[in-house]
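J.: I am sharing work.cif, which consists of mmCIF, C-alpha atoms:
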data_start
loop_
_atom_site.label_atom_id
_atom_site.label_comp_id
_atom_site.auth_asym_id
_atom_site.auth_seq_id
_atom_site.Cartn_x
_atom_site.Cartn_y
_atom_site.Cartn_z
CA MET P 124 44.93 -63.51 117.21
CA ASN P 125 41.88 -65.38 115.91
CA LYS P 126 39.07 -62.81 115.96
CA ILE P 127 40.13 -59.18 115.75
CA LEU P 128 37.91 -56.14 116.44
CA LEU P 129 39.06 -52.74 115.17
CA THR P 130 37.58 -49.38 116.10
CA GLY P 131 38.07 -46.33 113.89
CA SER P 132 38.45 -48.60 110.88
CA LEU P 133 37.71 -45.89 108.32
CA GLY P 134 40.46 -43.62 109.63
CA GLN P 135 43.95 -43.15 108.25
CA ILE P 136 45.47 -46.16 109.99
CA GLY P 137 42.33 -48.28 110.21
CA SER P 138 41.47 -48.30 106.52
CA GLU P 139 44.80 -49.88 105.59
CA LEU P 140 45.32 -52.00 108.70
CA THR P 141 41.88 -53.62 108.36
CA MET P 142 42.61 -54.79 104.84
CA ALA P 143 46.11 -56.02 105.76
CA LEU P 144 44.74 -58.00 108.70
CA ARG P 145 41.97 -59.52 106.58
CA GLN P 146 44.53 -60.67 104.06
CA ARG P 147 46.68 -62.17 106.82
CA TYR P 148 44.06 -63.66 109.16
CA GLY P 149 41.03 -64.13 106.91
CA THR P 150 38.27 -61.70 106.00
CA ASP P 151 35.66 -63.10 108.38
CA ASN P 152 38.07 -62.93 111.32
CA VAL P 153 38.57 -59.15 111.21
CA ILE P 154 35.57 -57.10 112.35
CA ALA P 155 35.78 -53.45 111.34
CA THR P 156 33.82 -50.76 113.19
CA ASP P 157 33.43 -47.01 112.86
CA ILE P 158 30.92 -44.35 113.86
CA ARG P 159 30.04 -43.88 110.17
CA ARG P 160 29.62 -46.00 107.08
CA ALA P 161 31.26 -45.32 103.74
CA ASP P 162 31.61 -46.85 100.29
CA HIS P 163 34.94 -48.43 101.14
CA PRO P 164 36.20 -52.03 101.09
CA VAL P 165 36.50 -51.88 104.89
CA VAL P 166 32.69 -51.73 104.93
CA THR P 167 31.75 -53.67 101.81
CA ASP P 168 34.28 -56.49 101.73
CA GLY P 169 34.01 -57.97 105.23
CA PRO P 170 32.28 -57.81 108.62
CA PHE P 171 31.47 -54.22 109.59
CA GLU P 172 29.48 -52.71 112.46
CA THR P 173 28.56 -49.09 113.12
CA LEU P 174 29.91 -48.30 116.59
CA ASP P 175 30.25 -45.26 118.83
CA VAL P 176 33.20 -46.07 121.11
CA THR P 177 31.78 -43.90 123.89
CA ASP P 178 28.99 -46.49 124.23
CA VAL P 179 30.61 -49.29 126.21
CA GLU P 180 27.54 -51.54 126.12
CA ALA P 181 27.42 -51.40 122.33
CA MET P 182 31.13 -52.18 122.13
CA GLN P 183 30.75 -55.11 124.51
CA ASP P 184 27.85 -56.41 122.42
CA VAL P 185 29.87 -56.35 119.20
CA ALA P 186 32.85 -58.01 120.88
CA ASP P 187 30.66 -60.75 122.36
CA ARG P 188 28.70 -61.43 119.17
CA TYR P 189 31.89 -61.98 117.20
CA ASP P 190 33.72 -63.69 120.08
CA VAL P 191 36.79 -61.49 119.64
CA ASP P 192 40.11 -62.24 121.32
CA THR P 193 41.97 -59.13 120.11
CA ILE P 194 40.97 -55.45 120.15
CA ILE P 195 42.79 -52.80 118.12
CA HIS P 196 41.48 -49.44 119.27
CA LEU P 197 42.13 -46.67 116.73
CA ALA P 198 39.16 -44.30 117.16
CA ALA P 199 40.48 -40.88 118.20
CA LEU P 200 40.40 -37.15 117.54
CA LEU P 201 43.80 -36.07 116.19
CA SER P 202 46.07 -33.26 117.34
CA ALA P 203 44.88 -30.14 115.48
CA LYS P 204 41.19 -31.02 115.79
CA ALA P 205 41.66 -31.87 119.47
CA GLU P 206 42.99 -28.37 120.14
CA ASN P 207 39.88 -26.89 118.54
CA ASN P 208 37.55 -28.99 120.70
CA PRO P 209 39.37 -30.22 123.82
CA GLN P 210 36.21 -31.39 125.60
CA LEU P 211 35.21 -33.60 122.69
CA ALA P 212 38.80 -34.86 122.46
CA TRP P 213 38.84 -35.90 126.12
CA ASN P 214 35.48 -37.65 125.83
CA LEU P 215 36.36 -39.55 122.66
CA ASN P 216 40.04 -40.21 123.27
CA MET P 217 39.91 -41.07 126.97
CA ASN P 218 36.42 -42.45 127.58
CA GLY P 219 36.60 -44.39 124.33
CA LEU P 220 39.93 -45.87 125.41
CA MET P 221 38.63 -46.77 128.85
CA ASN P 222 35.64 -48.51 127.27
CA ALA P 223 37.84 -50.49 124.90
CA LEU P 224 40.16 -51.53 127.75
CA GLU P 225 37.17 -52.63 129.83
CA VAL P 226 35.87 -54.80 126.99
CA ALA P 227 39.35 -56.28 126.62
CA ARG P 228 39.48 -56.96 130.36
CA VAL P 229 36.09 -58.67 130.39
CA ARG P 230 36.94 -60.80 127.38
CA GLY P 231 40.57 -61.47 128.27
CA ALA P 232 41.52 -60.01 124.89
CA LYS P 233 44.90 -58.86 123.63
CA PHE P 234 44.86 -55.07 123.17
CA PHE P 235 46.56 -52.43 121.00
CA THR P 236 46.07 -48.67 120.79
CA PRO P 237 48.48 -46.20 119.21
CA SER P 238 50.23 -43.47 121.13
CA SER P 239 52.08 -40.65 119.39
CA ILE P 240 55.07 -38.35 119.40
CA GLY P 241 52.42 -35.93 120.68
CA ALA P 242 52.95 -37.59 124.07
CA PHE P 243 56.20 -35.63 124.29
CA GLY P 244 56.35 -31.91 125.05
CA PRO P 245 58.53 -28.79 124.97
CA SER P 246 60.70 -29.99 127.87
CA THR P 247 61.38 -33.40 126.27
CA PRO P 248 64.87 -33.78 124.73
CA LYS P 249 64.38 -32.94 121.04
CA LYS P 250 67.29 -34.85 119.49
CA GLN P 251 67.10 -38.66 119.48
CA THR P 252 64.36 -38.58 122.11
CA PRO P 253 64.84 -41.69 124.27
CA GLN P 254 62.27 -44.35 125.10
CA LEU P 255 62.06 -43.26 128.74
CA THR P 256 62.08 -39.50 129.14
CA LEU P 257 60.18 -36.49 130.47
CA GLN P 258 56.65 -36.31 129.04
CA ARG P 259 54.89 -33.00 129.74
CA PRO P 260 52.86 -32.21 126.60
CA ASN P 261 51.04 -28.90 126.31
CA THR P 262 48.25 -30.03 123.96
CA MET P 263 45.03 -31.87 124.73
CA TYR P 264 46.00 -34.59 122.26
CA GLY P 265 49.33 -35.01 124.01
CA VAL P 266 47.71 -35.11 127.43
CA ASN P 267 45.34 -37.80 126.13
CA LYS P 268 48.24 -39.85 124.79
CA VAL P 269 50.29 -39.71 128.01
CA ALA P 270 47.22 -40.58 130.05
CA GLY P 271 46.44 -43.38 127.60
CA GLU P 272 49.92 -44.87 127.94
CA LEU P 273 49.57 -44.85 131.73
CA LEU P 274 46.06 -46.28 131.58
CA CYS P 275 47.23 -49.16 129.39
CA ASP P 276 50.10 -49.79 131.81
CA TYR P 277 47.55 -49.85 134.63
CA TYR P 278 45.33 -52.40 132.89
CA PHE P 279 48.37 -54.61 132.25
CA GLU P 280 49.67 -54.40 135.82
CA ARG P 281 46.29 -54.42 137.60
CA PHE P 282 44.21 -56.76 135.45
CA GLY P 283 46.72 -58.63 133.29
CA VAL P 284 45.38 -57.26 130.01
CA ASP P 285 48.00 -57.85 127.30
CA THR P 286 48.29 -54.19 126.26
CA ARG P 287 50.72 -53.07 123.57
CA SER P 288 51.37 -49.72 121.88
CA VAL P 289 53.74 -47.64 119.79
CA ARG P 290 54.35 -43.89 119.67
CA PHE P 291 53.70 -43.19 116.03
CA PRO P 292 55.33 -40.27 114.25
CA GLY P 293 53.49 -38.46 111.46
CA LEU P 294 51.98 -41.04 109.12
CA ILE P 295 51.97 -40.65 105.34
CA SER P 296 49.40 -42.50 103.24
CA TYR P 297 48.06 -42.40 99.69
CA ASP P 298 44.93 -44.38 100.59
CA THR P 299 43.23 -42.10 103.11
CA GLU P 300 43.37 -38.32 102.93
CA PRO P 301 44.54 -36.24 105.93
CA GLY P 302 42.32 -36.26 109.00
CA GLY P 303 43.35 -33.37 111.22
CA GLY P 304 46.90 -34.12 112.31
CA THR P 305 49.73 -31.61 112.59
CA THR P 306 51.96 -33.65 110.27
CA ASP P 307 49.30 -33.84 107.55
CA TYR P 308 51.15 -31.20 105.53
CA ALA P 309 53.43 -33.95 104.24
CA VAL P 310 50.53 -35.91 102.76
CA GLU P 311 48.97 -32.75 101.32
CA MET P 312 52.27 -31.87 99.64
CA TYR P 313 52.25 -35.05 97.54
CA TYR P 314 48.66 -34.46 96.42
CA GLU P 315 49.32 -30.83 95.48
CA ALA P 316 52.60 -31.68 93.76
CA LEU P 317 50.63 -33.80 91.30
CA LYS P 318 47.55 -31.58 91.08
CA GLN P 319 49.08 -28.09 91.04
CA GLY P 320 52.84 -28.46 90.89
CA HIS P 321 53.04 -26.27 93.99
CA TYR P 322 52.36 -26.45 97.73
CA THR P 323 52.06 -23.82 100.44
CA SER P 324 53.13 -25.35 103.76
CA TYR P 325 51.44 -24.38 107.01
CA ILE P 326 54.53 -25.71 108.83
CA ALA P 327 57.66 -23.53 108.76
CA GLU P 328 60.86 -24.27 106.90
CA GLY P 329 63.38 -26.11 109.05
CA THR P 330 60.75 -27.75 111.28
CA TYR P 331 61.89 -31.34 111.66
CA MET P 332 59.46 -34.04 112.76
CA ASP P 333 59.56 -37.81 112.60
CA MET P 334 57.52 -39.46 109.85
CA MET P 335 56.65 -42.96 108.65
CA TYR P 336 55.04 -44.42 105.54
CA MET P 337 51.78 -46.20 106.24
CA PRO P 338 52.92 -49.66 105.04
CA ASP P 339 55.65 -49.52 107.70
CA ALA P 340 53.12 -48.39 110.32
CA VAL P 341 50.83 -51.32 109.49
CA LYS P 342 53.81 -53.67 109.58
CA ALA P 343 54.84 -52.30 112.99
CA ILE P 344 51.41 -52.97 114.51
CA ILE P 345 51.27 -56.52 113.19
CA ASP P 346 54.85 -57.26 114.22
CA LEU P 347 54.28 -55.96 117.74
CA MET P 348 51.00 -57.84 118.16
CA GLU P 349 52.66 -61.07 117.00
CA ALA P 350 55.75 -60.56 119.19
CA ASP P 351 56.63 -62.88 122.07
CA PRO P 352 55.15 -61.20 125.16
CA SER P 353 58.07 -62.33 127.31
CA ARG P 354 60.35 -59.94 125.37
CA LEU P 355 58.18 -56.86 125.92
CA LYS P 356 59.41 -54.59 128.72
CA HIS P 357 58.09 -51.22 127.52
CA ARG P 358 54.64 -52.18 126.32
CA ASN P 359 52.96 -48.76 126.37
CA ALA P 360 54.46 -47.37 124.24
CA TYR P 361 57.46 -48.00 121.97
CA ASN P 362 59.20 -45.23 120.06
CA VAL P 363 59.10 -45.99 116.31
CA THR P 364 60.22 -43.89 113.37
CA ALA P 365 61.38 -44.08 109.77
CA MET P 366 62.74 -40.60 109.02
CA SER P 367 63.15 -37.12 110.46
CA ALA P 368 62.28 -34.52 107.86
CA ALA P 369 61.29 -30.88 107.37
CA PRO P 370 59.02 -29.53 104.59
CA GLU P 371 61.97 -28.69 102.35
CA ASP P 372 63.22 -32.29 102.59
CA PHE P 373 59.92 -33.56 101.19
CA ALA P 374 60.10 -30.93 98.46
CA ARG P 375 63.59 -32.03 97.42
CA ALA P 376 62.50 -35.68 97.30
CA ILE P 377 59.50 -34.76 95.15
CA GLN P 378 61.62 -32.61 92.82
CA LYS P 379 63.68 -35.69 91.91
CA HIS P 380 60.53 -36.89 90.10
CA LEU P 381 58.79 -33.56 89.41
CA PRO P 382 61.60 -31.03 88.83
CA ASP P 383 59.22 -28.08 88.41
CA PHE P 384 57.53 -28.56 91.80
CA THR P 385 57.72 -25.48 94.04
CA LEU P 386 57.18 -24.94 97.75
CA ASP P 387 56.44 -21.83 99.78
CA TYR P 388 55.16 -21.15 103.29
CA ASP P 389 52.18 -19.58 105.04
CA VAL P 390 52.64 -20.71 108.63
CA ASP P 391 49.63 -21.64 110.73
CA GLN P 392 50.79 -20.51 114.16
CA ALA P 393 48.51 -22.89 116.05
CA ARG P 394 49.76 -25.98 114.24
CA GLN P 395 53.32 -24.65 114.24
CA ALA P 396 53.18 -24.36 118.03
CA ILE P 397 52.17 -28.02 118.24
CA ALA P 398 55.00 -29.02 115.90
CA ASP P 399 57.53 -26.99 117.88
CA SER P 400 56.58 -28.87 121.05
CA TRP P 401 57.47 -32.25 119.49
CA PRO P 402 60.88 -33.90 119.03
CA ASP P 403 63.05 -33.31 115.98
CA SER P 404 64.01 -36.99 115.98
CA ILE P 405 63.39 -40.01 118.20
CA ASP P 406 65.34 -43.12 119.17
CA ALA P 407 63.66 -46.43 118.26
CA THR P 408 66.38 -48.68 119.69
CA THR P 409 64.10 -50.22 122.33
CA ALA P 410 61.55 -51.36 119.73
CA LYS P 411 64.35 -52.89 117.68
CA ASP P 412 65.72 -54.71 120.72
CA GLU P 413 62.42 -56.01 122.12
CA TRP P 414 60.45 -57.00 118.99
CA ASP P 415 62.75 -56.50 116.01
CA PHE P 416 61.11 -53.33 114.71
CA SER P 417 62.24 -52.50 111.19
CA ILE P 418 61.15 -50.36 108.23
CA ASP P 419 61.09 -50.84 104.47
CA TYR P 420 60.74 -47.21 103.35
CA ASP P 421 62.98 -44.17 103.70
CA LEU P 422 62.12 -40.71 102.34
CA ASP P 423 63.24 -41.40 98.77
CA ASN P 424 61.57 -44.76 98.14
CA MET P 425 58.45 -43.62 100.00
CA THR P 426 58.26 -40.58 97.72
CA GLU P 427 58.60 -42.70 94.61
CA ASP P 428 55.81 -45.03 95.77
CA MET P 429 53.54 -42.19 96.96
CA LEU P 430 53.72 -40.43 93.60
CA THR P 431 53.15 -43.66 91.69
CA GLN P 432 50.14 -44.63 93.80
CA LEU P 433 48.62 -41.15 93.79
CA LYS P 434 48.91 -40.86 90.01
CA GLN P 435 46.77 -43.99 89.75
CA LYS P 436 44.35 -42.80 92.42
CA LEU P 437 43.93 -39.38 90.84
CA ALA P 438 43.85 -40.84 87.30
CA LEU P 439 46.79 -38.73 86.17
CA ASN P 440 49.13 -39.61 83.33
#
Go ahead and express the file in the form of structure tokens.
T.:
Amino acid sequence: MNKILLTGSLGQIGSELTMALRQRYGTDNVIATDIRRADHPVVTDGPFETLDVTDVEAMQDVADRYDVDTIIHLAALLSAKAENNPQLAWNLNMNGLMNALEVARVRGAKFFTPSSIGAFGPSTPKKQTPQLTLQRPNTMYGVNKVAGELLCDYYFERFGVDTRSVRFPGLISYDTEPGGGTTDYAVEMYYEALKQGHYTSYIAEGTYMDMMYMPDAVKAIIDLMEADPSRLKHRNAYNVTAMSAAPEDFARAIQKHLPDFTLDYDVDQARQAIADSWPDSIDATTAKDEWDFSIDYDLDNMTEDMLTQLKQKLALN
């Protein structure tokens, strides 16, 4: 990877991945794009272009001007927001993906886009969900992700585009606030633990979902993109995970540092229905076997780091 173009660079993944890639590959070699501008180092500290990913000509122009050889396509509407506006979700998530794949095909560029545990559905095995299994999601986001996995497979088989992907679990970050995902309750809990000492979860007690700390997610993308292509048999997309946890597990981890923290519940039935359709835990053996996937953070050391980082961010003592 010599010249890397990212879409959705101001999103939850993009804001941290852009900076990590600039540190690794050089600031001028990582071109960030998003549909909006913001006062953020992604915009101010390196190449940045305003880009609507549904405009394929504009995307092609940016890719050509910077002579990119790698595209990391992150622009998407997440699960809860996609359910509220399924037509917008299809247009952004699918047409944006098709445009990015076409630009990669034209340029002969290496390509990454994230899939999700949302690609699974109610009929998928819920315990240690395998790499290859039944995928019949009942959400627009999930439909987009399954279709995206198949579309990336098609571009690899039909056109030879070097497509790669992972199925991310819920991602937890101190840098970027939640952006409309079903698993965002976990991020909100850390903020409210420090601000209020209390959190009301919209996800029910006992609802287990896979999660991952953002530094491990960034590491996974870089590791996969740098992996030997001859080892990759399940390119689109690999199961990855760091922990399977329910709201009360996060609360217990937080209480080790903030003993007075309390948790109660006011379940949002729409988001709960999405959560109930996803696995309780997934099997990441294939990613470990094919590109040495590994993590640095479990629930306890992630919690310690999240609280430390958020105290600094929120200017709390």
J.: Nearest residue to P:Arg259 out of P:Thr236, P:Ser400, P:Gln435, P:Thr156, using all atoms listed in the file?
T.: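 Closest to P:Arg259, using all atoms listed in the file: P:Ser400.
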J.: Given only C-alpha atoms as the basis, pick out the residue of P:Leu355, P:Ile154, P:Ile326, P:Leu128 nearest to P:Val390.
T.: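 Closest to P:Val390 of all the choices is P:Ile326.
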J.: Applied to the shown file, which residues does the PyMOL selection byres ((chain P and resi 378) around 12) return, written as a PyMOL selection string?
T.: chain P and resi 312-313+316-317+320-321+371-377+379-386+423+426-427+430
J.: Once the PyMOL selection byres ((chain P and resi 159) around 9) has been evaluated on this model, what residues remain selected, and can you format them as an MDAnalysis selection string?
T.: chainID P and resid 133 156:158 160:161 173:175
J.: Any chance you could tabulate, as a Markdown table, the residues of stretch 256-339 of chain P at most 12 Å from stretch 225-234 of chain P with each one's nearest atom pair and distance in Å to one decimal, using only C-alpha atoms, in chain and rising number order?
T.:
| residue | atom | partner | partner_atom | distance |
| --- | --- | --- | --- | --- |
| P:Leu274 | CA | P:Glu225 | CA | 11.1 |
| P:Cys275 | CA | P:Phe234 | CA | 8.9 |
| P:Asp276 | CA | P:Phe234 | CA | 11.4 |
| P:Tyr277 | CA | P:Arg228 | CA | 11.6 |
| P:Tyr278 | CA | P:Arg228 | CA | 7.8 |
| P:Phe279 | CA | P:Arg228 | CA | 9.4 |
| P:Glu280 | CA | P:Arg228 | CA | 11.8 |
| P:Arg281 | CA | P:Arg228 | CA | 10.3 |
| P:Phe282 | CA | P:Arg228 | CA | 7.0 |
| P:Gly283 | CA | P:Arg228 | CA | 8.0 |
| P:Val284 | CA | P:Arg228 | CA | 5.9 |
| P:Asp285 | CA | P:Lys233 | CA | 4.9 |
| P:Thr286 | CA | P:Phe234 | CA | 4.7 |
| P:Arg287 | CA | P:Phe234 | CA | 6.2 |
| P:Ser288 | CA | P:Phe234 | CA | 8.5 |
J.: Using all atoms listed in the file, find all polymer residues with an atom at most 8 Å away from the point (54.5, -21.4, 101.7); report them as a compact mmCIF listing (two decimals) with C-alpha atoms, in the coordinates of the input.
T.:
# COMPACT_ATOMS: atom_id res chain seq x y z
CA TYR P 322 52.36 -26.45 97.73
CA THR P 323 52.06 -23.82 100.44
CA SER P 324 53.13 -25.35 103.76
CA TYR P 325 51.44 -24.38 107.01
CA LEU P 386 57.18 -24.94 97.75
CA ASP P 387 56.44 -21.83 99.78
CA TYR P 388 55.16 -21.15 103.29
CA ASP P 389 52.18 -19.58 105.04
CA VAL P 390 52.64 -20.71 108.63
J.: Step by step, work through what the PyMOL selection byres ((chain P and resi 360) around 8) selects in the shown file, and finish by giving those residues as a PyMOL selection string.
T.: chain P and resi 237-238+272+287-290+357-359+361-362
J.: Using only C-alpha atoms, find the one residue out of P:Met429, P:Met221, P:Leu437, P:Leu422 that sits nearest to P:Ser296.
T.: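 For P:Ser296, the nearest of the given residues is P:Met429.
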J.: Between P:Ala393, P:Leu347, P:Met335, P:Leu439, which has the minimum distance to P:Ile418 (counting all atoms listed in the file)?
T.: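 Comparing P:Ala393, P:Leu347, P:Met335, P:Leu439 against P:Ile418, the winner is P:Met335.
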J.: Find the residues near P:Leu129: any atom within 9 Å, counting all atoms listed in the file, skip ones fewer than 6 places away on the same chain, and give them as an mmCIF file with C-alpha atoms, in the frame of the given file.
T.:
data_model
loop_
_atom_site.group_PDB
_atom_site.id
_atom_site.type_symbol
_atom_site.label_atom_id
_atom_site.label_comp_id
_atom_site.auth_asym_id
_atom_site.auth_seq_id
_atom_site.Cartn_x
_atom_site.Cartn_y
_atom_site.Cartn_z
ATOM 1 C CA GLY P 137 42.330 -48.280 110.210
ATOM 2 C CA THR P 141 41.880 -53.620 108.360
ATOM 3 C CA VAL P 153 38.570 -59.150 111.210
ATOM 4 C CA ILE P 154 35.570 -57.100 112.350
ATOM 5 C CA ALA P 155 35.780 -53.450 111.340
ATOM 6 C CA THR P 156 33.820 -50.760 113.190
ATOM 7 C CA ASP P 157 33.430 -47.010 112.860
ATOM 8 C CA THR P 193 41.970 -59.130 120.110
ATOM 9 C CA ILE P 194 40.970 -55.450 120.150
ATOM 10 C CA ILE P 195 42.790 -52.800 118.120
ATOM 11 C CA HIS P 196 41.480 -49.440 119.270
ATOM 12 C CA LEU P 197 42.130 -46.670 116.730
ATOM 13 C CA ALA P 198 39.160 -44.300 117.160
#
J.: For P:Ala365, work out the shell of residues within 9 Å, counting only C-alpha atoms and skipping chain neighbours fewer than 2 positions away, then give it as a list in words.
T.: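 In the requested format, the answer is Pro292, Asp333, Met334, Met335, Tyr336, Asp339, Val363, Ser367, Ser417, Ile418, Asp419, Tyr420, Asp421 and Leu422 of chain P.
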J.: To one decimal in Å, tell me the separation between atom CA of P:Ile405 and atom CA of P:Glu206.
T.: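 Computing it gives 23.6 Å between the two atoms.
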J.: Rank P:Ala407, P:Ile240, P:Ala270, P:Leu433 by their smallest atom-to-atom distance to P:Met332, using all atoms listed in the file, and report the top residue only.
T.: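 Smallest distance to P:Met332 is found for P:Ile240.
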